[in-house]
There are 2 protein chains.
Amino acid sequence: MVNEEQVRTALGQVFVPTAEQSIINLNLVRKITIAEDKITVTLAATGLADEVQNFVAAGVKSALQQFKNSAVQVEFVAVKPQELNQIDNIIAVMSGKGGVGKSLVTALLAIALKRQGKNVGILDADITGASIPRMFGITTRPFGSETGLLPVVSQSGIEVMSMNLLLPQEESAVIWRAPLLSKAIGQFWTDVVWGKLDYLLIDLPPGTADAPLTVMQTIPITGIIIVSTPQGLVEMIVKKAVDMAHKMEKPILGIVENMSYFYVPELNKKYELFGESKGESLALAAQAPQLGQLPIDPELARLCDHGDIEHYSGEAVAALGKSLSTILNTKK
Amino acid sequence: MVNEEQVRTALGQVFVPTAEQSIINLNLVRKITIAEDKITVTLAATGLADEVQNFVAAGVKSALQQFKNSAVQVEFVAVKPQELNQIDNIIAVMSGKGGVGKSLVTALLAIALKRQGKNVGILDADITGASIPRMFGITTRPFGSETGLLPVVSQSGIEVMSMNLLLPQEESAVIWRAPLLSKAIGQFWTDVVWGKLDYLLIDLPPGTADAPLTVMQTIPITGIIIVSTPQGLVEMIVKKAVDMAHKMEKPILGIVENMSYFYVPELNKKYELFGESKGESLALAAQAPQLGQLPIDPELARLCDHGDIEHYSGEAVAALGKSLSTILNTKK
């Protein structure tokens, strides 16, 4: 008789077309019952409109046809999106200061981890200044149903949810007072079918007010990555974020310094445009290691503008991912 | 007999020690009554503790001693700070995106206008990420009384009010939800004795949520200056700010592009680190002129870090101030 493992492997080939992901990745498979002449697969209907449920049910039947002599029954049950989320590491990328490259670091970390073969998602918590979709060239709107919202998937398979995907135009202003903003961030956590992920990265907006507060209070984050630049003025404000993390008793996993220098190949010279690195002082204040330094790279800016950040080949990406994995492993 | 103009001129020499400014600039002189043998000066007591009132009263008497044959009487009356504020132009500096240099542009504009001989103040509305005091090297706490708060004055005489001046340490996080933040911004308007100013510049935090909303709804701003950088991603988010200004029906006075290029003197070459200028496209969207471009200048970053921005001699400063004056004059 066929066993559950074989069924599960076969179900890995069944895709939810509106999520471009398998029902296994989305963690929709709730129960597999194998009787003598019948296999019953119970799926969460979360985020699936009726016609999508029909499509998925047909997919399940087709995938299990290989197990002859067994009738296949597909049942759908109601499950809250949050109950489907099975996420190993939730990492908030924070800065306190705007424009230092939180979104860039979030994106590059996600890409690095994806290249390591991990399942990765990005929750873009910067509701009024969402940057992630543009960097990844994502313009499709998320699908979903009354029961939940499905994340959109990037070219390389990173799950993304962002306010910009829900706006009529990416340039539309979200003129909301903070309770609504906090609600939106909360919903990106409670109403989105993230499914099974090794990493969920949260791109926080600047400041130490509502958004980071909501994230730290409502989402069970594993730790925080702090992004800064070499400018002393920036360091001062970033230390406010460090202060907040300490006050909220959330571990800081590491520091990333962005815009560290600009390299002019003709002169083989590094220009420290925003001053000397403050990484050490910040690491000391944060009681956390430096994860890496990123240069100012016009090529990276160009790729971000064109939605092609996943094509970036700079060595900084792999290095960042490696540092983060090492840190998380030593924490365990 | 002495006339009011002479008395007023003499009162211009009477300083409020806790504000480093004259009672004329602070607009504290409410009434001057000249009788045959007596001059009565009625002053607002706003923001002046008892001992400061005594000091100021003595100053008034001493300054008016020159008008012999006249006894001098000084009376204090209660006036709300806002009633003392007599401000010709209130300009909000906005971006939508963090880290593009709103605070830098605010500071340089203030310096440029001050160098033109104007009375200038800066209201730092970025409560959680206040940068203005650091740039100007201001560390003194503002004085005041139960009736009002006096702005602190920079080396060159620019009035400044910022949350960082009220914090125990500049690196302390302000972990407030938005209603409190909005309240703080509101108080910087209603409870601060700005007095007579030609220009009050408001440095807004990033985003299009509570802070800009509060400013646009409660402060009678003359217009908005939009700050951006050449990156397309930034332009997209800055356009959200433009969208908000239009929706709130506030005039956009002009666009400033920051970090336009980095000039390497050894090669006599300009590097467009964040891509080609998007100034024109943004000006078109904002239906407003370009006020100027600022390069990335390590010297400027250094001066900001050391609190010496007022020593910056780059030509960009004068140019910015000139553009702004021209725009405002043509609007009138």
# chains A, B, ... in the order shown; residues from 1 in each chain; ligands from 1
$ closest_atom_pairs --of "chain B" --to "chain A" --cutoff "7 Å" --atoms "only C-alpha atoms" --output "JSON lines"
{"residue": "B:Gly96", "atom": "CA", "partner": "A:Gly129", "partner_atom": "CA", "distance": 6.7}
{"residue": "B:Lys97", "atom": "CA", "partner": "A:Gly129", "partner_atom": "CA", "distance": 6.3}
{"residue": "B:Gly98", "atom": "CA", "partner": "A:Gly98", "partner_atom": "CA", "distance": 3.7}
{"residue": "B:Gly99", "atom": "CA", "partner": "A:Gly99", "partner_atom": "CA", "distance": 3.6}
{"residue": "B:Val100", "atom": "CA", "partner": "A:Gly99", "partner_atom": "CA", "distance": 6.2}
{"residue": "B:Thr128", "atom": "CA", "partner": "A:Gly207", "partner_atom": "CA", "distance": 5.4}
{"residue": "B:Gly129", "atom": "CA", "partner": "A:Ile237", "partner_atom": "CA", "distance": 5.8}
{"residue": "B:Ser131", "atom": "CA", "partner": "A:Leu233", "partner_atom": "CA", "distance": 6.8}
{"residue": "B:Arg134", "atom": "CA", "partner": "A:Leu233", "partner_atom": "CA", "distance": 6.8}
{"residue": "B:Glu171", "atom": "CA", "partner": "A:Lys240", "partner_atom": "CA", "distance": 5.1}
{"residue": "B:Ser172", "atom": "CA", "partner": "A:Lys240", "partner_atom": "CA", "distance": 5.3}
{"residue": "B:Ala173", "atom": "CA", "partner": "A:Lys240", "partner_atom": "CA", "distance": 4.3}
{"residue": "B:Val174", "atom": "CA", "partner": "A:Thr208", "partner_atom": "CA", "distance": 6.3}
{"residue": "B:Ile175", "atom": "CA", "partner": "A:Ala209", "partner_atom": "CA", "distance": 5.2}
{"residue": "B:Trp176", "atom": "CA", "partner": "A:Ala209", "partner_atom": "CA", "distance": 5.1}
{"residue": "B:Arg177", "atom": "CA", "partner": "A:Asp210", "partner_atom": "CA", "distance": 4.9}
{"residue": "B:Ala178", "atom": "CA", "partner": "A:Ala178", "partner_atom": "CA", "distance": 5.7}
{"residue": "B:Gly207", "atom": "CA", "partner": "A:Thr128", "partner_atom": "CA", "distance": 5.4}
{"residue": "B:Thr208", "atom": "CA", "partner": "A:Ile175", "partner_atom": "CA", "distance": 5.3}
{"residue": "B:Ala209", "atom": "CA", "partner": "A:Trp176", "partner_atom": "CA", "distance": 5.1}
{"residue": "B:Asp210", "atom": "CA", "partner": "A:Arg177", "partner_atom": "CA", "distance": 4.9}
{"residue": "B:Gln231", "atom": "CA", "partner": "A:Asp305", "partner_atom": "CA", "distance": 6.9}
{"residue": "B:Gly232", "atom": "CA", "partner": "A:Asp305", "partner_atom": "CA", "distance": 5.2}
{"residue": "B:Leu233", "atom": "CA", "partner": "A:Asp305", "partner_atom": "CA", "distance": 5.5}
{"residue": "B:Met236", "atom": "CA", "partner": "A:Glu171", "partner_atom": "CA", "distance": 5.6}
{"residue": "B:Ile237", "atom": "CA", "partner": "A:Gly129", "partner_atom": "CA", "distance": 5.8}
{"residue": "B:Lys239", "atom": "CA", "partner": "A:Glu171", "partner_atom": "CA", "distance": 5.6}
{"residue": "B:Lys240", "atom": "CA", "partner": "A:Ala173", "partner_atom": "CA", "distance": 4.2}
{"residue": "B:Ala241", "atom": "CA", "partner": "A:Ala173", "partner_atom": "CA", "distance": 6.5}
{"residue": "B:Asp243", "atom": "CA", "partner": "A:Ala173", "partner_atom": "CA", "distance": 5.8}
{"residue": "B:Met244", "atom": "CA", "partner": "A:Ala173", "partner_atom": "CA", "distance": 5.7}
{"residue": "B:Leu273", "atom": "CA", "partner": "A:Pro298", "partner_atom": "CA", "distance": 5.0}
{"residue": "B:Phe274", "atom": "CA", "partner": "A:Ala301", "partner_atom": "CA", "distance": 5.7}
{"residue": "B:Gly275", "atom": "CA", "partner": "A:Arg302", "partner_atom": "CA", "distance": 6.7}
{"residue": "B:Pro298", "atom": "CA", "partner": "A:Leu273", "partner_atom": "CA", "distance": 4.9}
{"residue": "B:Ala301", "atom": "CA", "partner": "A:Phe274", "partner_atom": "CA", "distance": 5.7}
{"residue": "B:Arg302", "atom": "CA", "partner": "A:Gly275", "partner_atom": "CA", "distance": 6.7}
{"residue": "B:Asp305", "atom": "CA", "partner": "A:Gly232", "partner_atom": "CA", "distance": 5.2}
$ select_by_dssp --residues "segment 93-211 of chain B" --states "strand (DSSP E)" --output "short mmCIF file (atom, residue, chain, number, x, y, z; two decimals) with N, CA and C atoms, in the first residue's frame"
data_model
loop_
_atom_site.label_atom_id
_atom_site.label_comp_id
_atom_site.auth_asym_id
_atom_site.auth_seq_id
_atom_site.Cartn_x
_atom_site.Cartn_y
_atom_site.Cartn_z
N VAL B 93 9.44 71.05 4.31
CA VAL B 93 10.37 70.31 3.46
C VAL B 93 10.01 68.83 3.59
N MET B 94 9.68 68.22 2.47
CA MET B 94 9.03 66.91 2.48
C MET B 94 9.68 66.01 1.44
N VAL B 120 15.06 83.49 10.60
CA VAL B 120 14.72 82.14 10.17
C VAL B 120 14.59 81.20 11.36
N GLY B 121 13.61 80.32 11.31
CA GLY B 121 13.47 79.28 12.32
C GLY B 121 13.31 77.92 11.67
N ILE B 122 13.67 76.87 12.41
CA ILE B 122 13.47 75.50 11.92
C ILE B 122 12.66 74.73 12.95
N LEU B 123 11.51 74.22 12.51
CA LEU B 123 10.71 73.33 13.35
C LEU B 123 11.01 71.90 12.89
N ASP B 124 11.70 71.15 13.73
CA ASP B 124 12.10 69.79 13.38
C ASP B 124 10.95 68.85 13.72
N GLY B 144 12.08 77.73 29.15
CA GLY B 144 10.67 78.06 29.01
C GLY B 144 10.03 78.11 30.37
N SER B 145 8.72 78.25 30.35
CA SER B 145 7.96 78.24 31.59
C SER B 145 6.67 77.48 31.31
N GLY B 148 5.01 78.58 27.96
CA GLY B 148 5.54 78.43 26.60
C GLY B 148 7.00 78.01 26.61
N LEU B 149 7.46 77.60 25.42
CA LEU B 149 8.82 77.10 25.26
C LEU B 149 9.56 78.05 24.32
N VAL B 152 15.77 77.31 20.78
CA VAL B 152 17.21 77.46 20.97
C VAL B 152 17.77 78.12 19.71
N VAL B 153 18.84 78.87 19.85
CA VAL B 153 19.37 79.61 18.71
C VAL B 153 20.72 79.06 18.28
N GLU B 159 16.63 80.08 14.80
CA GLU B 159 15.85 79.47 15.88
C GLU B 159 15.58 78.00 15.57
N VAL B 160 15.73 77.15 16.57
CA VAL B 160 15.53 75.72 16.35
C VAL B 160 14.69 75.12 17.48
N MET B 161 13.71 74.30 17.11
CA MET B 161 13.04 73.47 18.11
C MET B 161 12.99 72.05 17.59
N SER B 162 13.42 71.11 18.44
CA SER B 162 13.54 69.72 18.02
C SER B 162 13.37 68.80 19.22
N LYS B 196 8.75 86.85 15.66
CA LYS B 196 8.72 87.39 14.29
C LYS B 196 9.73 86.68 13.43
N LEU B 197 9.28 86.05 12.37
CA LEU B 197 10.19 85.35 11.47
C LEU B 197 9.84 85.68 10.03
N ASP B 198 10.87 85.76 9.20
CA ASP B 198 10.61 85.83 7.77
C ASP B 198 10.30 84.43 7.23
N TYR B 199 10.99 83.45 7.78
CA TYR B 199 10.80 82.08 7.31
C TYR B 199 10.79 81.09 8.47
N LEU B 200 9.81 80.23 8.49
CA LEU B 200 9.87 79.05 9.36
C LEU B 200 9.90 77.83 8.45
N LEU B 201 11.00 77.05 8.56
CA LEU B 201 11.11 75.84 7.75
C LEU B 201 10.75 74.63 8.62
N ILE B 202 9.94 73.75 8.08
CA ILE B 202 9.53 72.57 8.83
C ILE B 202 10.16 71.33 8.20
N ASP B 203 10.99 70.65 8.98
CA ASP B 203 11.64 69.42 8.50
C ASP B 203 10.73 68.24 8.82
#
$ select_by_dssp --residues "segment 56-165 of chain B" --states "alpha helix (DSSP H)" --output "PyMOL selection string"
chain B and resi 56-64+81-84+102-115+132-136
$ residues_around --residues "Ala318 of chain B" --least-positions-apart "5" --cutoff "9 Å" --atoms "only C-alpha atoms" --output "list in words"
Leu108, Leu109, Ile111, Ala112, Leu113, Arg115, Gln116, Ser313 and Ser323 of chain B
$ write_last_selection --atoms "N, CA, C and O atoms" --output "mmCIF file, in the first residue's frame"
data_model
loop_
_atom_site.group_PDB
_atom_site.id
_atom_site.type_symbol
_atom_site.label_atom_id
_atom_site.label_comp_id
_atom_site.auth_asym_id
_atom_site.auth_seq_id
_atom_site.Cartn_x
_atom_site.Cartn_y
_atom_site.Cartn_z
ATOM 1 N N LEU B 108 20.366 73.759 4.929
ATOM 2 C CA LEU B 108 21.068 74.624 3.968
ATOM 3 C C LEU B 108 20.191 75.793 3.533
ATOM 4 O O LEU B 108 20.666 76.917 3.356
ATOM 5 N N LEU B 109 18.893 75.542 3.372
ATOM 6 C CA LEU B 109 17.964 76.628 3.026
ATOM 7 C C LEU B 109 17.933 77.666 4.145
ATOM 8 O O LEU B 109 17.979 78.876 3.890
ATOM 9 N N ILE B 111 20.223 78.297 6.330
ATOM 10 C CA ILE B 111 21.503 79.009 6.345
ATOM 11 C C ILE B 111 21.548 80.052 5.226
ATOM 12 O O ILE B 111 21.961 81.196 5.421
ATOM 13 N N ALA B 112 21.084 79.641 4.041
ATOM 14 C CA ALA B 112 21.085 80.557 2.892
ATOM 15 C C ALA B 112 20.222 81.783 3.182
ATOM 16 O O ALA B 112 20.624 82.925 2.921
ATOM 17 N N LEU B 113 19.038 81.563 3.743
ATOM 18 C CA LEU B 113 18.124 82.675 4.015
ATOM 19 C C LEU B 113 18.687 83.567 5.125
ATOM 20 O O LEU B 113 18.567 84.781 5.078
ATOM 21 N N ARG B 115 21.812 84.033 5.723
ATOM 22 C CA ARG B 115 22.905 84.815 5.124
ATOM 23 C C ARG B 115 22.359 85.988 4.302
ATOM 24 O O ARG B 115 23.063 86.949 4.043
ATOM 25 N N GLN B 116 21.107 85.863 3.868
ATOM 26 C CA GLN B 116 20.456 86.989 3.166
ATOM 27 C C GLN B 116 19.970 88.045 4.160
ATOM 28 O O GLN B 116 19.396 89.056 3.759
ATOM 29 N N SER B 313 30.750 76.333 2.923
ATOM 30 C CA SER B 313 30.877 77.467 2.010
ATOM 31 C C SER B 313 30.564 77.078 0.570
ATOM 32 O O SER B 313 30.709 77.878 -0.343
ATOM 33 N N SER B 323 17.207 80.752 -5.398
ATOM 34 C CA SER B 323 16.078 80.148 -6.114
ATOM 35 C C SER B 323 14.802 80.303 -5.314
ATOM 36 O O SER B 323 13.755 80.670 -5.854
#
$ residues_around --residues "segment 250-259 of chain B" --least-positions-apart "6" --cutoff "6 Å" --atoms "only C-alpha atoms" --output "list in words"
Gly223, Ile224, Ile225, Ile226, Val227, Ser228, Thr229, Ala288, Pro289, Gln290, Leu291, Gly292, Gln293, Leu294, Pro295 and Ile296 of chain B
$ write_last_selection --atoms "N, CA, C and O atoms" --output "PDB file, in the first residue's frame"
ATOM      1  N   GLY B 223       3.839  76.731   1.557  1.00  0.00           N
ATOM      2  CA  GLY B 223       4.093  75.801   0.464  1.00  0.00           C
ATOM      3  C   GLY B 223       5.058  74.714   0.886  1.00  0.00           C
ATOM      4  O   GLY B 223       5.550  74.707   2.014  1.00  0.00           O
ATOM      5  N   ILE B 224       5.311  73.816  -0.072  1.00  0.00           N
ATOM      6  CA  ILE B 224       6.112  72.629   0.202  1.00  0.00           C
ATOM      7  C   ILE B 224       7.311  72.582  -0.726  1.00  0.00           C
ATOM      8  O   ILE B 224       7.199  72.915  -1.911  1.00  0.00           O
ATOM      9  N   ILE B 225       8.458  72.194  -0.175  1.00  0.00           N
ATOM     10  CA  ILE B 225       9.605  71.893  -1.019  1.00  0.00           C
ATOM     11  C   ILE B 225       9.833  70.389  -0.964  1.00  0.00           C
ATOM     12  O   ILE B 225       9.841  69.789   0.108  1.00  0.00           O
ATOM     13  N   ILE B 226       9.974  69.808  -2.139  1.00  0.00           N
ATOM     14  CA  ILE B 226      10.123  68.358  -2.243  1.00  0.00           C
ATOM     15  C   ILE B 226      11.594  68.017  -2.472  1.00  0.00           C
ATOM     16  O   ILE B 226      12.238  68.617  -3.336  1.00  0.00           O
ATOM     17  N   VAL B 227      12.102  67.068  -1.693  1.00  0.00           N
ATOM     18  CA  VAL B 227      13.499  66.653  -1.844  1.00  0.00           C
ATOM     19  C   VAL B 227      13.538  65.235  -2.405  1.00  0.00           C
ATOM     20  O   VAL B 227      12.766  64.375  -1.976  1.00  0.00           O
ATOM     21  N   SER B 228      14.439  65.005  -3.350  1.00  0.00           N
ATOM     22  CA  SER B 228      14.566  63.675  -3.947  1.00  0.00           C
ATOM     23  C   SER B 228      16.025  63.370  -4.249  1.00  0.00           C
ATOM     24  O   SER B 228      16.907  64.189  -3.986  1.00  0.00           O
ATOM     25  N   THR B 229      16.281  62.177  -4.740  1.00  0.00           N
ATOM     26  CA  THR B 229      17.603  61.829  -5.254  1.00  0.00           C
ATOM     27  C   THR B 229      17.383  61.219  -6.640  1.00  0.00           C
ATOM     28  O   THR B 229      16.242  60.944  -7.011  1.00  0.00           O
ATOM     29  N   ALA B 288       6.081  71.963 -10.625  1.00  0.00           N
ATOM     30  CA  ALA B 288       6.852  72.937  -9.858  1.00  0.00           C
ATOM     31  C   ALA B 288       8.270  72.968 -10.415  1.00  0.00           C
ATOM     32  O   ALA B 288       8.735  71.979 -10.987  1.00  0.00           O
ATOM     33  N   PRO B 289       8.970  74.087 -10.256  1.00  0.00           N
ATOM     34  CA  PRO B 289      10.320  74.205 -10.811  1.00  0.00           C
ATOM     35  C   PRO B 289      11.368  73.438 -10.002  1.00  0.00           C
ATOM     36  O   PRO B 289      11.149  73.126  -8.834  1.00  0.00           O
ATOM     37  N   GLN B 290      12.499  73.150 -10.635  1.00  0.00           N
ATOM     38  CA  GLN B 290      13.640  72.591  -9.908  1.00  0.00           C
ATOM     39  C   GLN B 290      14.383  73.736  -9.231  1.00  0.00           C
ATOM     40  O   GLN B 290      14.796  74.680  -9.891  1.00  0.00           O
ATOM     41  N   LEU B 291      14.566  73.641  -7.930  1.00  0.00           N
ATOM     42  CA  LEU B 291      15.261  74.705  -7.202  1.00  0.00           C
ATOM     43  C   LEU B 291      16.770  74.550  -7.273  1.00  0.00           C
ATOM     44  O   LEU B 291      17.508  75.516  -7.157  1.00  0.00           O
ATOM     45  N   GLY B 292      17.219  73.321  -7.418  1.00  0.00           N
ATOM     46  CA  GLY B 292      18.659  73.132  -7.477  1.00  0.00           C
ATOM     47  C   GLY B 292      19.052  71.681  -7.313  1.00  0.00           C
ATOM     48  O   GLY B 292      18.228  70.819  -6.999  1.00  0.00           O
ATOM     49  N   GLN B 293      20.325  71.431  -7.555  1.00  0.00           N
ATOM     50  CA  GLN B 293      20.909  70.096  -7.389  1.00  0.00           C
ATOM     51  C   GLN B 293      22.032  70.191  -6.371  1.00  0.00           C
ATOM     52  O   GLN B 293      22.790  71.158  -6.382  1.00  0.00           O
ATOM     53  N   LEU B 294      22.140  69.208  -5.518  1.00  0.00           N
ATOM     54  CA  LEU B 294      23.250  69.169  -4.568  1.00  0.00           C
ATOM     55  C   LEU B 294      24.102  67.937  -4.845  1.00  0.00           C
ATOM     56  O   LEU B 294      23.564  66.838  -5.004  1.00  0.00           O
ATOM     57  N   PRO B 295      25.424  68.098  -4.909  1.00  0.00           N
ATOM     58  CA  PRO B 295      26.293  66.930  -5.102  1.00  0.00           C
ATOM     59  C   PRO B 295      26.469  66.177  -3.785  1.00  0.00           C
ATOM     60  O   PRO B 295      26.115  66.679  -2.727  1.00  0.00           O
ATOM     61  N   ILE B 296      27.001  64.968  -3.862  1.00  0.00           N
ATOM     62  CA  ILE B 296      27.475  64.286  -2.658  1.00  0.00           C
ATOM     63  C   ILE B 296      28.821  64.923  -2.318  1.00  0.00           C
ATOM     64  O   ILE B 296      29.732  64.910  -3.140  1.00  0.00           O
TER      65      ILE B 296
END
$ closest_residue --among "A:Gln73, A:Gln187, A:Thr140, A:Asn89" --to "Leu166 of chain A" --atoms "only C-alpha atoms"
A:Thr140
$ residues_around --residues "Gly59 of chain A" --least-positions-apart "2" --cutoff "10 Å" --atoms "only C-alpha atoms" --output "ChimeraX atom specification"
/A:11,13-16,53-57,61-65
$ write_last_selection --atoms "C-alpha atoms" --output "PDB file, in the first residue's frame"
ATOM      1  CA  LEU A  11       1.528  16.587  -3.741  1.00  0.00           C
ATOM      2  CA  GLN A  13       3.965  18.819  -7.713  1.00  0.00           C
ATOM      3  CA  VAL A  14       0.507  20.307  -7.255  1.00  0.00           C
ATOM      4  CA  PHE A  15       0.637  24.038  -7.785  1.00  0.00           C
ATOM      5  CA  VAL A  16      -1.720  26.797  -6.728  1.00  0.00           C
ATOM      6  CA  GLN A  53     -10.109  25.141  -5.255  1.00  0.00           C
ATOM      7  CA  ASN A  54     -11.537  23.188  -8.194  1.00  0.00           C
ATOM      8  CA  PHE A  55      -8.285  23.585 -10.102  1.00  0.00           C
ATOM      9  CA  VAL A  56      -6.213  22.440  -7.136  1.00  0.00           C
ATOM     10  CA  ALA A  57      -8.517  19.472  -6.449  1.00  0.00           C
ATOM     11  CA  LYS A  61      -6.326  13.860  -8.343  1.00  0.00           C
ATOM     12  CA  SER A  62      -4.046  13.955 -11.341  1.00  0.00           C
ATOM     13  CA  ALA A  63      -0.888  13.824  -9.196  1.00  0.00           C
ATOM     14  CA  LEU A  64      -2.178  10.822  -7.250  1.00  0.00           C
ATOM     15  CA  GLN A  65      -3.331   8.891 -10.326  1.00  0.00           C
TER      16      GLN A  65
END
$ residues_around --residues "Ala35 of chain B" --least-positions-apart "4" --cutoff "9 Å" --atoms "only C-alpha atoms" --output "ChimeraX atom specification"
/B:1,39-40,70
